[in-house]
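Accompanying notes for the structure given below.
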Amino acid sequence: MSLEHSTKADLPATDDEAMLVRVQREDFSIDEELRRVRRRSKRIGGIAMFLGTARDRSKGKDVDGITFEHYEGMAQKKLREIRERALKDFGVIEVLVLHRYGEIGIGDNIVLIIAGAEHRAEAFRACQWAIDELKQITPIWKLEHTPEGEVWVEEHP
Amino acid sequence: MSLEHSTKADLPATDDEAMLVRVQREDFSIDEELRRVRRRSKRIGGIAMFLGTARDRSKGKDVDGITFEHYEGMAQKKLREIRERALKDFGVIEVLVLHRYGEIGIGDNIVLIIAGAEHRAEAFRACQWAIDELKQITPIWKLEHTPEGEVWVEEHP
Amino acid sequence: MIQLFGMTKMLAGNQGTLSLALPDGKRVKDLVSVIDAAYPKIGELLQKKKVLVSVNQEIAHEDLEVKDGDEIALLPPFAGGNR
Amino acid sequence: MIQLFGMTKMLAGNQGTLSLALPDGKRVKDLVSVIDAAYPKIGELLQKKKVLVSVNQEIAHEDLEVKDGDEIALLPPFAGGNR
């Protein structure tokens, strides 16, 4: 069976589709997530990815760890919207959007976007748009643990 | 020992440094390559990546496989230059540049760029510049295997 | 029942939900008034649009009518947002 | 000895290198003339700048003097290039 993107609309909605948009506590493997995107089509030639990780400093303060809280249901809904708009508006073949919640240690993974396209320009555009949009519209909150205490952060760059 | 990017110039040139720019026959794991970049600094908060893979079609023709040939020595030199300019010009913390040669099957990995920065804007800029530059200046050649025969390709998009 | 997240939980005395009675046919702005009376610190953030109200998982206009069974939440600024 | 890559290998009859004698003090353009005489198809691509000459792993200007022991190669268009 050929999984060309031109026929993607005809694909059965499998478990895979739900796996392409997730909010989860567990860490993830980039290789494994990439496999989900790549198996959708052999037409993919360029894959742009963004991985957000926990920095040890934020606005000049030391950070010891982060807790992410999300609005279950609405967070997933917004991430699904992001995937669907990226697929529709940027001419890409597949998009994966994944965000963790709970306790995140310094250096650990927080968020992953993968955009696979025939060519790299579309992949980069979709990936960059998706992470920008995610940070605008997704109901996820960030509590930074610093030596001076815990702070709810209004934005992370 | 703290591996902050501000002190990176003082780091001993380890095996690691050579591992950050490679031309190799073997496939690679993105998770493993990411570890090389991430371990350089806990200040990294945004990582942009580009992965180029072998498409099953090129300019309307079916492709069964690809062979990449490189100019040993000069190819590595150009990739090192790309890494160094990306580090110098884009305010990123670490950059990895990796290209395969030899026989590449459809769907397989060809090229990987990873750019790690404090924030995502720099990471994306460096990553996109690096892959554009790589395709301009790196002496690597591509032989496409098609049902009609083998063709040296002058550009791949 | 109104779901709380992030800083609004702390401002409500570390509870995850608010139970506020709202007569039928009322709008989001009426809800804001009721919250303002009970939790003035949250009320202030709502007035300033620092905290938004969502109804059924969409950010709601202040004139939206709130119906029985609607899923309501107070959304402080998102981690990545810049509003 | 001149290293060949990609299509230039085929045009030279599937050899990976060319051995051409070039007197001392000559320039890249003289090398191009010598190649043109022996391998006119490669010569044509060199004239059109579709194939470039590298000296010591840098693309060389036609006026660059070629010295004994220089590493010389003919570079057809790169896989990703658009020249």
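Each chain in the structure tokens gets a letter, A, B and so on, in the order shown; residues start at 1 in every chain, and ligands are counted from 1 in the order they appear.
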Pose of chain A fitted onto chain B, C-alpha LSQ, given as a tab-separated table (two decimals) with N, CA and C atoms, in the first residue's frame:
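Listing of part.tsv after writing:
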```
chain	number	residue	atom	x	y	z
A	1	MET	N	31.66	20.52	36.66
A	1	MET	CA	32.13	21.52	35.68
A	1	MET	C	30.94	22.05	34.89
A	2	SER	N	30.87	23.34	34.80
A	2	SER	CA	29.77	23.97	34.06
A	2	SER	C	30.16	24.15	32.59
A	3	LEU	N	29.31	23.68	31.71
A	3	LEU	CA	29.60	23.83	30.28
A	3	LEU	C	28.75	24.94	29.69
A	4	GLU	N	28.89	26.11	30.21
A	4	GLU	CA	28.12	27.23	29.67
A	4	GLU	C	28.75	27.69	28.37
A	5	HIS	N	27.89	28.19	27.48
A	5	HIS	CA	28.44	28.54	26.17
A	5	HIS	C	29.39	29.72	26.25
A	6	SER	N	29.24	30.52	27.29
A	6	SER	CA	30.13	31.66	27.40
A	6	SER	C	31.57	31.22	27.62
A	7	THR	N	31.74	30.00	28.12
A	7	THR	CA	33.09	29.52	28.37
A	7	THR	C	33.50	28.48	27.34
A	8	LYS	N	32.70	28.32	26.30
A	8	LYS	CA	32.95	27.23	25.35
A	8	LYS	C	34.33	27.32	24.71
A	9	ALA	N	34.78	28.56	24.48
A	9	ALA	CA	36.08	28.72	23.83
A	9	ALA	C	37.19	28.11	24.68
A	10	ASP	N	36.94	28.00	25.98
A	10	ASP	CA	37.97	27.46	26.87
A	10	ASP	C	37.92	25.94	26.98
A	11	LEU	N	36.91	25.34	26.41
A	11	LEU	CA	36.79	23.88	26.52
A	11	LEU	C	37.93	23.21	25.79
A	12	PRO	N	38.42	22.11	26.31
A	12	PRO	CA	39.41	21.36	25.56
A	12	PRO	C	38.78	20.82	24.28
A	13	ALA	N	39.56	20.77	23.22
A	13	ALA	CA	39.07	20.19	21.97
A	13	ALA	C	39.04	18.67	22.15
A	14	THR	N	37.89	18.15	22.35
A	14	THR	CA	37.76	16.72	22.62
A	14	THR	C	37.37	15.99	21.35
A	15	ASP	N	37.25	14.68	21.45
A	15	ASP	CA	36.69	13.87	20.37
A	15	ASP	C	35.36	14.45	19.92
A	16	ASP	N	34.62	14.93	20.92
A	16	ASP	CA	33.31	15.49	20.68
A	16	ASP	C	33.29	16.52	19.58
A	17	GLU	N	34.29	17.38	19.56
A	17	GLU	CA	34.33	18.46	18.59
A	17	GLU	C	34.36	17.88	17.17
A	18	ALA	N	35.17	16.84	16.97
A	18	ALA	CA	35.22	16.21	15.65
A	18	ALA	C	33.91	15.50	15.32
A	19	MET	N	33.23	15.03	16.36
A	19	MET	CA	31.97	14.32	16.12
A	19	MET	C	30.86	15.27	15.70
A	20	LEU	N	31.06	16.56	15.88
A	20	LEU	CA	30.01	17.53	15.57
A	20	LEU	C	29.97	17.89	14.09
A	21	VAL	N	31.00	17.48	13.35
A	21	VAL	CA	31.01	17.66	11.89
A	21	VAL	C	31.51	16.37	11.27
A	22	ARG	N	30.63	15.67	10.56
A	22	ARG	CA	31.05	14.38	10.01
A	22	ARG	C	30.45	14.13	8.64
A	23	VAL	N	31.23	13.40	7.82
A	23	VAL	CA	30.73	12.83	6.57
A	23	VAL	C	30.94	11.34	6.72
A	24	GLN	N	29.88	10.59	6.72
A	24	GLN	CA	30.02	9.16	7.03
A	24	GLN	C	29.08	8.31	6.20
A	25	ARG	N	29.45	7.05	6.05
A	25	ARG	CA	28.62	6.12	5.29
A	25	ARG	C	27.44	5.64	6.14
A	26	GLU	N	27.69	5.43	7.43
A	26	GLU	CA	26.71	4.81	8.33
A	26	GLU	C	25.50	5.71	8.57
A	27	ASP	N	24.39	5.08	8.88
A	27	ASP	CA	23.22	5.82	9.32
A	27	ASP	C	23.51	6.39	10.72
A	28	PHE	N	22.61	7.26	11.17
A	28	PHE	CA	22.80	7.88	12.49
A	28	PHE	C	21.47	7.93	13.22
A	29	SER	N	21.55	8.07	14.53
A	29	SER	CA	20.37	8.23	15.38
A	29	SER	C	20.25	9.70	15.75
A	30	ILE	N	19.08	10.26	15.56
A	30	ILE	CA	18.90	11.67	15.90
A	30	ILE	C	19.02	11.87	17.41
A	31	ASP	N	18.49	10.95	18.18
A	31	ASP	CA	18.61	11.07	19.65
A	31	ASP	C	20.08	11.14	20.08
A	32	GLU	N	20.89	10.29	19.46
A	32	GLU	CA	22.30	10.26	19.83
A	32	GLU	C	23.01	11.56	19.42
A	33	GLU	N	22.72	12.05	18.24
A	33	GLU	CA	23.36	13.29	17.78
A	33	GLU	C	22.89	14.47	18.64
A	34	LEU	N	21.61	14.45	19.01
A	34	LEU	CA	21.09	15.50	19.89
A	34	LEU	C	21.85	15.53	21.22
A	35	ARG	N	22.17	14.36	21.73
A	35	ARG	CA	22.91	14.32	23.00
A	35	ARG	C	24.24	15.05	22.90
A	36	ARG	N	24.91	14.90	21.74
A	36	ARG	CA	26.20	15.60	21.57
A	36	ARG	C	26.03	17.11	21.67
A	37	VAL	N	24.93	17.61	21.09
A	37	VAL	CA	24.69	19.06	21.11
A	37	VAL	C	24.27	19.51	22.51
A	38	ARG	N	23.36	18.78	23.11
A	38	ARG	CA	22.78	19.22	24.38
A	38	ARG	C	23.77	19.20	25.52
A	39	ARG	N	24.71	18.26	25.47
A	39	ARG	CA	25.64	18.15	26.59
A	39	ARG	C	26.61	19.33	26.64
A	40	ARG	N	26.64	20.14	25.58
A	40	ARG	CA	27.55	21.27	25.57
A	40	ARG	C	27.12	22.38	26.52
A	41	SER	N	25.83	22.48	26.83
A	41	SER	CA	25.39	23.57	27.70
A	41	SER	C	23.98	23.34	28.23
A	42	LYS	N	23.79	23.65	29.48
A	42	LYS	CA	22.45	23.60	30.08
A	42	LYS	C	21.69	24.90	29.81
A	43	ARG	N	22.31	25.79	29.07
A	43	ARG	CA	21.68	27.04	28.72
A	43	ARG	C	20.79	26.89	27.48
A	44	ILE	N	20.88	25.74	26.82
A	44	ILE	CA	20.10	25.53	25.59
A	44	ILE	C	18.62	25.36	25.93
A	45	GLY	N	17.77	26.17	25.26
A	45	GLY	CA	16.32	26.09	25.47
A	45	GLY	C	15.56	25.80	24.19
A	46	GLY	N	16.20	26.06	23.04
A	46	GLY	CA	15.54	25.84	21.76
A	46	GLY	C	16.48	25.15	20.79
A	47	ILE	N	16.03	24.04	20.22
A	47	ILE	CA	16.87	23.29	19.29
A	47	ILE	C	16.10	23.13	17.98
A	48	ALA	N	16.67	23.67	16.91
A	48	ALA	CA	16.06	23.50	15.58
A	48	ALA	C	16.88	22.47	14.83
A	49	MET	N	16.17	21.60	14.14
A	49	MET	CA	16.85	20.51	13.41
A	49	MET	C	16.31	20.44	12.00
A	50	PHE	N	17.21	20.04	11.09
A	50	PHE	CA	16.76	19.69	9.75
A	50	PHE	C	17.29	18.31	9.41
A	51	LEU	N	16.38	17.46	8.95
A	51	LEU	CA	16.76	16.13	8.50
A	51	LEU	C	16.34	15.99	7.04
A	52	GLY	N	17.31	15.72	6.18
A	52	GLY	CA	17.00	15.47	4.77
A	52	GLY	C	16.94	13.97	4.54
A	53	THR	N	15.89	13.53	3.87
A	53	THR	CA	15.71	12.09	3.61
A	53	THR	C	15.50	11.87	2.11
A	54	ALA	N	15.65	10.63	1.69
A	54	ALA	CA	15.57	10.30	0.26
A	54	ALA	C	14.12	10.11	-0.16
A	55	ARG	N	13.65	11.00	-1.02
A	55	ARG	CA	12.28	10.92	-1.53
A	55	ARG	C	12.17	9.87	-2.64
A	56	ASP	N	10.97	9.36	-2.83
A	56	ASP	CA	10.77	8.34	-3.87
A	56	ASP	C	10.48	8.96	-5.24
A	57	ARG	N	10.41	10.28	-5.29
A	57	ARG	CA	10.23	10.97	-6.58
A	57	ARG	C	11.08	12.22	-6.61
A	58	SER	N	11.55	12.59	-7.81
A	58	SER	CA	12.36	13.77	-7.97
A	58	SER	C	12.04	14.36	-9.33
A	59	LYS	N	11.55	15.60	-9.33
A	59	LYS	CA	11.16	16.26	-10.58
A	59	LYS	C	10.28	15.37	-11.45
A	60	GLY	N	9.31	14.74	-10.83
A	60	GLY	CA	8.33	13.95	-11.58
A	60	GLY	C	8.79	12.55	-11.98
A	61	LYS	N	9.99	12.18	-11.61
A	61	LYS	CA	10.48	10.83	-11.93
A	61	LYS	C	10.50	9.98	-10.66
A	62	ASP	N	10.23	8.67	-10.84
A	62	ASP	CA	10.41	7.75	-9.73
A	62	ASP	C	11.89	7.59	-9.43
A	63	VAL	N	12.20	7.43	-8.17
A	63	VAL	CA	13.58	7.20	-7.77
A	63	VAL	C	13.62	5.95	-6.89
A	64	ASP	N	14.55	5.05	-7.21
A	64	ASP	CA	14.65	3.79	-6.47
A	64	ASP	C	15.72	3.83	-5.38
A	65	GLY	N	16.63	4.79	-5.52
A	65	GLY	CA	17.72	4.88	-4.55
A	65	GLY	C	18.67	5.96	-5.00
A	66	ILE	N	19.59	6.33	-4.13
A	66	ILE	CA	20.52	7.43	-4.40
A	66	ILE	C	21.92	6.99	-3.97
A	67	THR	N	22.92	7.42	-4.73
A	67	THR	CA	24.30	7.27	-4.25
A	67	THR	C	24.90	8.66	-4.11
A	68	PHE	N	25.45	8.93	-2.93
A	68	PHE	CA	26.15	10.20	-2.72
A	68	PHE	C	27.65	9.97	-2.75
A	69	GLU	N	28.32	10.83	-3.50
A	69	GLU	CA	29.77	10.83	-3.56
A	69	GLU	C	30.25	12.14	-2.96
A	70	HIS	N	31.37	12.13	-2.26
A	70	HIS	CA	31.88	13.39	-1.69
A	70	HIS	C	33.37	13.50	-1.95
A	71	TYR	N	33.86	14.69	-1.85
A	71	TYR	CA	35.29	14.98	-1.99
A	71	TYR	C	35.86	14.94	-0.58
A	72	GLU	N	36.49	13.83	-0.27
A	72	GLU	CA	37.02	13.61	1.09
A	72	GLU	C	38.03	14.71	1.42
A	73	GLY	N	37.87	15.31	2.56
A	73	GLY	CA	38.77	16.41	2.94
A	73	GLY	C	38.08	17.74	2.70
A	74	MET	N	37.80	18.05	1.43
A	74	MET	CA	37.15	19.33	1.15
A	74	MET	C	35.72	19.35	1.70
A	75	ALA	N	35.01	18.22	1.60
A	75	ALA	CA	33.64	18.19	2.13
A	75	ALA	C	33.66	18.48	3.63
A	76	GLN	N	34.53	17.81	4.36
A	76	GLN	CA	34.61	18.03	5.80
A	76	GLN	C	35.01	19.49	6.11
A	77	LYS	N	35.95	20.00	5.31
A	77	LYS	CA	36.40	21.38	5.52
A	77	LYS	C	35.23	22.36	5.38
A	78	LYS	N	34.41	22.16	4.35
A	78	LYS	CA	33.28	23.07	4.13
A	78	LYS	C	32.24	22.93	5.25
A	79	LEU	N	32.01	21.71	5.71
A	79	LEU	CA	31.04	21.54	6.80
A	79	LEU	C	31.56	22.18	8.10
A	80	ARG	N	32.87	22.08	8.32
A	80	ARG	CA	33.45	22.75	9.50
A	80	ARG	C	33.27	24.26	9.40
A	81	GLU	N	33.51	24.79	8.19
A	81	GLU	CA	33.31	26.24	7.99
A	81	GLU	C	31.87	26.64	8.29
A	82	ILE	N	30.94	25.81	7.86
A	82	ILE	CA	29.52	26.11	8.09
A	82	ILE	C	29.22	26.13	9.58
A	83	ARG	N	29.71	25.12	10.30
A	83	ARG	CA	29.48	25.11	11.75
A	83	ARG	C	30.07	26.35	12.40
A	84	GLU	N	31.30	26.70	12.01
A	84	GLU	CA	31.96	27.82	12.67
A	84	GLU	C	31.27	29.15	12.37
A	85	ARG	N	30.84	29.32	11.13
A	85	ARG	CA	30.13	30.57	10.80
A	85	ARG	C	28.78	30.62	11.48
A	86	ALA	N	28.11	29.49	11.58
A	86	ALA	CA	26.81	29.47	12.27
A	86	ALA	C	27.00	29.86	13.74
A	87	LEU	N	28.05	29.33	14.38
A	87	LEU	CA	28.31	29.66	15.78
A	87	LEU	C	28.63	31.14	15.95
A	88	LYS	N	29.39	31.66	15.01
A	88	LYS	CA	29.86	33.04	15.12
A	88	LYS	C	28.76	34.05	14.77
A	89	ASP	N	28.00	33.76	13.72
A	89	ASP	CA	27.09	34.77	13.17
A	89	ASP	C	25.66	34.72	13.70
A	90	PHE	N	25.26	33.62	14.33
A	90	PHE	CA	23.84	33.49	14.65
A	90	PHE	C	23.56	33.42	16.15
A	91	GLY	N	24.60	33.57	16.98
A	91	GLY	CA	24.36	33.58	18.42
A	91	GLY	C	23.82	32.26	18.97
A	92	VAL	N	24.21	31.17	18.34
A	92	VAL	CA	23.76	29.86	18.84
A	92	VAL	C	24.85	29.25	19.72
A	93	ILE	N	24.47	28.24	20.46
A	93	ILE	CA	25.39	27.65	21.44
A	93	ILE	C	26.15	26.47	20.84
A	94	GLU	N	25.49	25.66	20.06
A	94	GLU	CA	26.18	24.52	19.44
A	94	GLU	C	25.48	24.16	18.12
A	95	VAL	N	26.28	23.65	17.21
A	95	VAL	CA	25.78	23.26	15.89
A	95	VAL	C	26.41	21.92	15.51
A	96	LEU	N	25.62	21.04	14.98
A	96	LEU	CA	26.10	19.75	14.47
A	96	LEU	C	25.71	19.65	13.00
A	97	VAL	N	26.66	19.18	12.18
A	97	VAL	CA	26.43	19.04	10.74
A	97	VAL	C	26.94	17.67	10.32
A	98	LEU	N	26.05	16.91	9.69
A	98	LEU	CA	26.35	15.51	9.41
A	98	LEU	C	25.76	15.16	8.04
A	99	HIS	N	26.59	14.57	7.18
A	99	HIS	CA	26.10	14.16	5.85
A	99	HIS	C	26.56	12.75	5.56
A	100	ARG	N	25.68	11.94	5.01
A	100	ARG	CA	26.06	10.57	4.64
A	100	ARG	C	26.55	10.52	3.20
A	101	TYR	N	27.32	9.50	2.90
A	101	TYR	CA	27.68	9.21	1.51
A	101	TYR	C	27.44	7.73	1.25
A	102	GLY	N	27.58	7.34	-0.01
A	102	GLY	CA	27.35	5.94	-0.37
A	102	GLY	C	25.90	5.72	-0.78
A	103	GLU	N	25.47	4.45	-0.70
A	103	GLU	CA	24.13	4.08	-1.14
A	103	GLU	C	23.10	4.47	-0.08
A	104	ILE	N	22.06	5.16	-0.53
A	104	ILE	CA	21.00	5.59	0.39
A	104	ILE	C	19.67	5.05	-0.16
A	105	GLY	N	18.97	4.30	0.65
A	105	GLY	CA	17.67	3.78	0.23
A	105	GLY	C	16.58	4.83	0.36
A	106	ILE	N	15.48	4.62	-0.34
A	106	ILE	CA	14.35	5.55	-0.26
A	106	ILE	C	13.85	5.63	1.19
A	107	GLY	N	13.63	6.84	1.65
A	107	GLY	CA	13.17	7.06	3.02
A	107	GLY	C	14.30	7.17	4.03
A	108	ASP	N	15.52	6.86	3.61
A	108	ASP	CA	16.63	6.87	4.56
A	108	ASP	C	17.17	8.29	4.80
A	109	ASN	N	17.91	8.42	5.89
A	109	ASN	CA	18.55	9.69	6.25
A	109	ASN	C	19.67	10.04	5.29
A	110	ILE	N	19.78	11.33	4.96
A	110	ILE	CA	20.89	11.83	4.14
A	110	ILE	C	21.72	12.84	4.92
A	111	VAL	N	21.05	13.84	5.47
A	111	VAL	CA	21.78	14.97	6.06
A	111	VAL	C	21.05	15.43	7.32
A	112	LEU	N	21.81	15.85	8.32
A	112	LEU	CA	21.24	16.31	9.58
A	112	LEU	C	21.96	17.58	10.02
A	113	ILE	N	21.17	18.59	10.36
A	113	ILE	CA	21.69	19.81	10.98
A	113	ILE	C	20.98	19.96	12.32
A	114	ILE	N	21.73	20.23	13.37
A	114	ILE	CA	21.13	20.54	14.67
A	114	ILE	C	21.73	21.85	15.15
A	115	ALA	N	20.86	22.80	15.52
A	115	ALA	CA	21.34	24.07	16.06
A	115	ALA	C	20.66	24.29	17.40
A	116	GLY	N	21.47	24.39	18.45
A	116	GLY	CA	20.94	24.60	19.79
A	116	GLY	C	21.27	26.01	20.27
A	117	ALA	N	20.24	26.71	20.78
A	117	ALA	CA	20.42	28.09	21.21
A	117	ALA	C	19.62	28.31	22.50
A	118	GLU	N	19.79	29.49	23.09
A	118	GLU	CA	18.95	29.80	24.24
A	118	GLU	C	17.50	29.88	23.81
A	119	HIS	N	17.26	30.55	22.68
A	119	HIS	CA	15.89	30.79	22.23
A	119	HIS	C	15.69	30.28	20.81
A	120	ARG	N	14.45	30.05	20.46
A	120	ARG	CA	14.19	29.35	19.21
A	120	ARG	C	14.50	30.16	17.95
A	121	ALA	N	14.35	31.47	18.02
A	121	ALA	CA	14.54	32.27	16.79
A	121	ALA	C	15.95	32.08	16.24
A	122	GLU	N	16.96	32.18	17.11
A	122	GLU	CA	18.34	32.00	16.65
A	122	GLU	C	18.57	30.58	16.15
A	123	ALA	N	17.98	29.62	16.86
A	123	ALA	CA	18.18	28.22	16.48
A	123	ALA	C	17.64	27.97	15.07
A	124	PHE	N	16.44	28.49	14.79
A	124	PHE	CA	15.86	28.32	13.45
A	124	PHE	C	16.69	29.02	12.39
A	125	ARG	N	17.10	30.26	12.70
A	125	ARG	CA	17.88	31.00	11.70
A	125	ARG	C	19.18	30.27	11.36
A	126	ALA	N	19.87	29.80	12.38
A	126	ALA	CA	21.15	29.12	12.16
A	126	ALA	C	20.94	27.81	11.39
A	127	CYS	N	19.92	27.08	11.76
A	127	CYS	CA	19.66	25.78	11.14
A	127	CYS	C	19.33	25.96	9.66
A	128	GLN	N	18.46	26.90	9.37
A	128	GLN	CA	18.03	27.11	7.99
A	128	GLN	C	19.19	27.66	7.15
A	129	TRP	N	19.95	28.57	7.74
A	129	TRP	CA	21.12	29.08	7.01
A	129	TRP	C	22.10	27.93	6.72
A	130	ALA	N	22.34	27.10	7.71
A	130	ALA	CA	23.35	26.03	7.57
A	130	ALA	C	22.96	25.04	6.47
A	131	ILE	N	21.71	24.67	6.39
A	131	ILE	CA	21.34	23.69	5.34
A	131	ILE	C	21.37	24.36	3.97
A	132	ASP	N	20.96	25.63	3.89
A	132	ASP	CA	21.04	26.35	2.62
A	132	ASP	C	22.50	26.44	2.17
A	133	GLU	N	23.36	26.81	3.10
A	133	GLU	CA	24.78	26.98	2.78
A	133	GLU	C	25.41	25.64	2.42
A	134	LEU	N	25.08	24.62	3.17
A	134	LEU	CA	25.61	23.27	2.88
A	134	LEU	C	25.34	22.90	1.43
A	135	LYS	N	24.11	23.16	0.99
A	135	LYS	CA	23.74	22.76	-0.36
A	135	LYS	C	24.44	23.61	-1.42
A	136	GLN	N	24.90	24.80	-1.03
A	136	GLN	CA	25.62	25.65	-1.97
A	136	GLN	C	27.09	25.29	-2.10
A	137	ILE	N	27.73	25.01	-0.98
A	137	ILE	CA	29.20	25.01	-0.99
A	137	ILE	C	29.85	23.66	-0.73
A	138	THR	N	29.08	22.64	-0.42
A	138	THR	CA	29.71	21.38	-0.04
A	138	THR	C	29.88	20.45	-1.24
A	139	PRO	N	31.11	20.00	-1.50
A	139	PRO	CA	31.36	19.14	-2.66
A	139	PRO	C	30.85	17.71	-2.42
A	140	ILE	N	29.55	17.59	-2.65
A	140	ILE	CA	28.87	16.30	-2.54
A	140	ILE	C	28.01	16.16	-3.78
A	141	TRP	N	28.03	14.97	-4.38
A	141	TRP	CA	27.28	14.74	-5.62
A	141	TRP	C	26.32	13.59	-5.44
A	142	LYS	N	25.26	13.65	-6.23
A	142	LYS	CA	24.12	12.75	-6.02
A	142	LYS	C	23.79	12.04	-7.33
A	143	LEU	N	23.84	10.73	-7.28
A	143	LEU	CA	23.49	9.90	-8.43
A	143	LEU	C	22.15	9.25	-8.13
A	144	GLU	N	21.13	9.61	-8.90
A	144	GLU	CA	19.81	9.02	-8.68
A	144	GLU	C	19.64	7.77	-9.52
A	145	HIS	N	19.14	6.72	-8.89
A	145	HIS	CA	18.83	5.48	-9.59
A	145	HIS	C	17.35	5.50	-9.92
A	146	THR	N	17.05	5.53	-11.21
A	146	THR	CA	15.64	5.56	-11.62
A	146	THR	C	15.38	4.35	-12.51
A	147	PRO	N	14.11	4.03	-12.75
A	147	PRO	CA	13.81	2.88	-13.64
A	147	PRO	C	14.45	3.06	-15.03
A	148	GLU	N	14.72	4.31	-15.43
A	148	GLU	CA	15.31	4.55	-16.75
A	148	GLU	C	16.84	4.60	-16.72
A	149	GLY	N	17.43	4.46	-15.54
A	149	GLY	CA	18.88	4.50	-15.48
A	149	GLY	C	19.37	5.43	-14.38
A	150	GLU	N	20.68	5.70	-14.42
A	150	GLU	CA	21.29	6.50	-13.37
A	150	GLU	C	21.60	7.91	-13.89
A	151	VAL	N	21.33	8.89	-13.04
A	151	VAL	CA	21.50	10.29	-13.43
A	151	VAL	C	22.22	11.06	-12.34
A	152	TRP	N	23.30	11.78	-12.72
A	152	TRP	CA	23.91	12.71	-11.77
A	152	TRP	C	23.03	13.95	-11.69
A	153	VAL	N	22.65	14.28	-10.47
A	153	VAL	CA	21.68	15.35	-10.28
A	153	VAL	C	22.41	16.64	-9.96
A	154	GLU	N	21.98	17.71	-10.61
A	154	GLU	CA	22.66	18.99	-10.41
A	154	GLU	C	22.15	19.76	-9.21
A	155	GLU	N	20.95	19.49	-8.82
A	155	GLU	CA	20.48	20.11	-7.59
A	155	GLU	C	19.38	19.26	-7.00
A	156	HIS	N	19.29	19.29	-5.70
A	156	HIS	CA	18.09	18.73	-5.07
A	156	HIS	C	17.49	19.81	-4.18
A	157	PRO	N	16.18	19.94	-4.26
A	157	PRO	CA	15.55	21.09	-3.61
A	157	PRO	C	15.44	20.88	-2.07
```
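The list of residues with at least one atom within 7 Å of range 61-70 of chain D, based on only C-alpha atoms and without residues fewer than 3 positions apart in the same chain, reads Asp24, Gly25, Lys26, Arg27, Val28, Lys29, Val55 and Asn56 of chain D.
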Using the selection just defined, write its residues with all heavy atoms as a compact mmCIF listing (two decimals), in the first residue's frame.
```
# COMPACT_ATOMS: atom_id res chain seq x y z
N ASP D 24 55.82 24.03 -14.56
CA ASP D 24 55.81 24.89 -13.39
C ASP D 24 55.46 26.33 -13.78
O ASP D 24 55.71 26.76 -14.90
CB ASP D 24 57.20 24.87 -12.73
CG ASP D 24 57.07 24.67 -11.23
OD1 ASP D 24 56.11 23.99 -10.81
OD2 ASP D 24 57.91 25.20 -10.49
N GLY D 25 54.87 27.06 -12.84
CA GLY D 25 54.56 28.47 -13.08
C GLY D 25 53.30 28.68 -13.90
O GLY D 25 53.00 29.81 -14.30
N LYS D 26 52.57 27.61 -14.17
CA LYS D 26 51.35 27.77 -14.95
C LYS D 26 50.14 28.07 -14.04
O LYS D 26 50.21 27.90 -12.83
CB LYS D 26 51.08 26.49 -15.76
CG LYS D 26 52.11 26.26 -16.86
CD LYS D 26 52.02 27.33 -17.95
CE LYS D 26 53.03 27.07 -19.06
NZ LYS D 26 52.91 28.06 -20.14
N ARG D 27 49.08 28.52 -14.70
CA ARG D 27 47.89 28.94 -13.96
C ARG D 27 46.73 27.98 -14.21
O ARG D 27 46.79 27.13 -15.10
CB ARG D 27 47.49 30.35 -14.37
CG ARG D 27 48.56 31.35 -14.01
CD ARG D 27 48.31 32.74 -14.53
NE ARG D 27 49.52 33.53 -14.39
CZ ARG D 27 49.89 34.14 -13.24
NH1 ARG D 27 49.12 34.07 -12.18
NH2 ARG D 27 51.02 34.80 -13.18
N VAL D 28 45.64 28.20 -13.44
CA VAL D 28 44.47 27.35 -13.57
C VAL D 28 43.95 27.37 -15.01
O VAL D 28 43.57 26.33 -15.56
CB VAL D 28 43.36 27.80 -12.58
CG1 VAL D 28 42.02 27.17 -12.93
CG2 VAL D 28 43.76 27.43 -11.14
N LYS D 29 43.97 28.52 -15.67
CA LYS D 29 43.46 28.58 -17.05
C LYS D 29 44.31 27.74 -18.01
O LYS D 29 43.77 27.20 -18.99
CB LYS D 29 43.32 30.02 -17.53
CG LYS D 29 44.57 30.84 -17.56
CD LYS D 29 44.23 32.29 -17.95
CE LYS D 29 45.42 33.20 -17.69
NZ LYS D 29 45.03 34.61 -17.74
N VAL D 55 41.72 24.11 -5.99
CA VAL D 55 43.14 23.94 -5.67
C VAL D 55 43.26 23.97 -4.16
O VAL D 55 42.78 24.91 -3.51
CB VAL D 55 43.98 25.06 -6.31
CG1 VAL D 55 45.45 24.94 -5.87
CG2 VAL D 55 43.88 25.02 -7.83
N ASN D 56 43.82 22.92 -3.64
CA ASN D 56 43.95 22.79 -2.17
C ASN D 56 42.62 23.00 -1.45
O ASN D 56 42.52 23.72 -0.47
CB ASN D 56 45.03 23.73 -1.63
CG ASN D 56 46.39 23.39 -2.21
OD1 ASN D 56 46.67 22.21 -2.49
ND2 ASN D 56 47.21 24.40 -2.44
```
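We find CA of Asp36 in chain D and CA of Ala79 in chain D to be spaced 24.1 Å apart.
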For chain C, which residues have at least one atom within 6 Å of chain A, if we go by only C-alpha atoms? Write them as an NGL selection string, please. :C and (6 or 57 or 77-81)
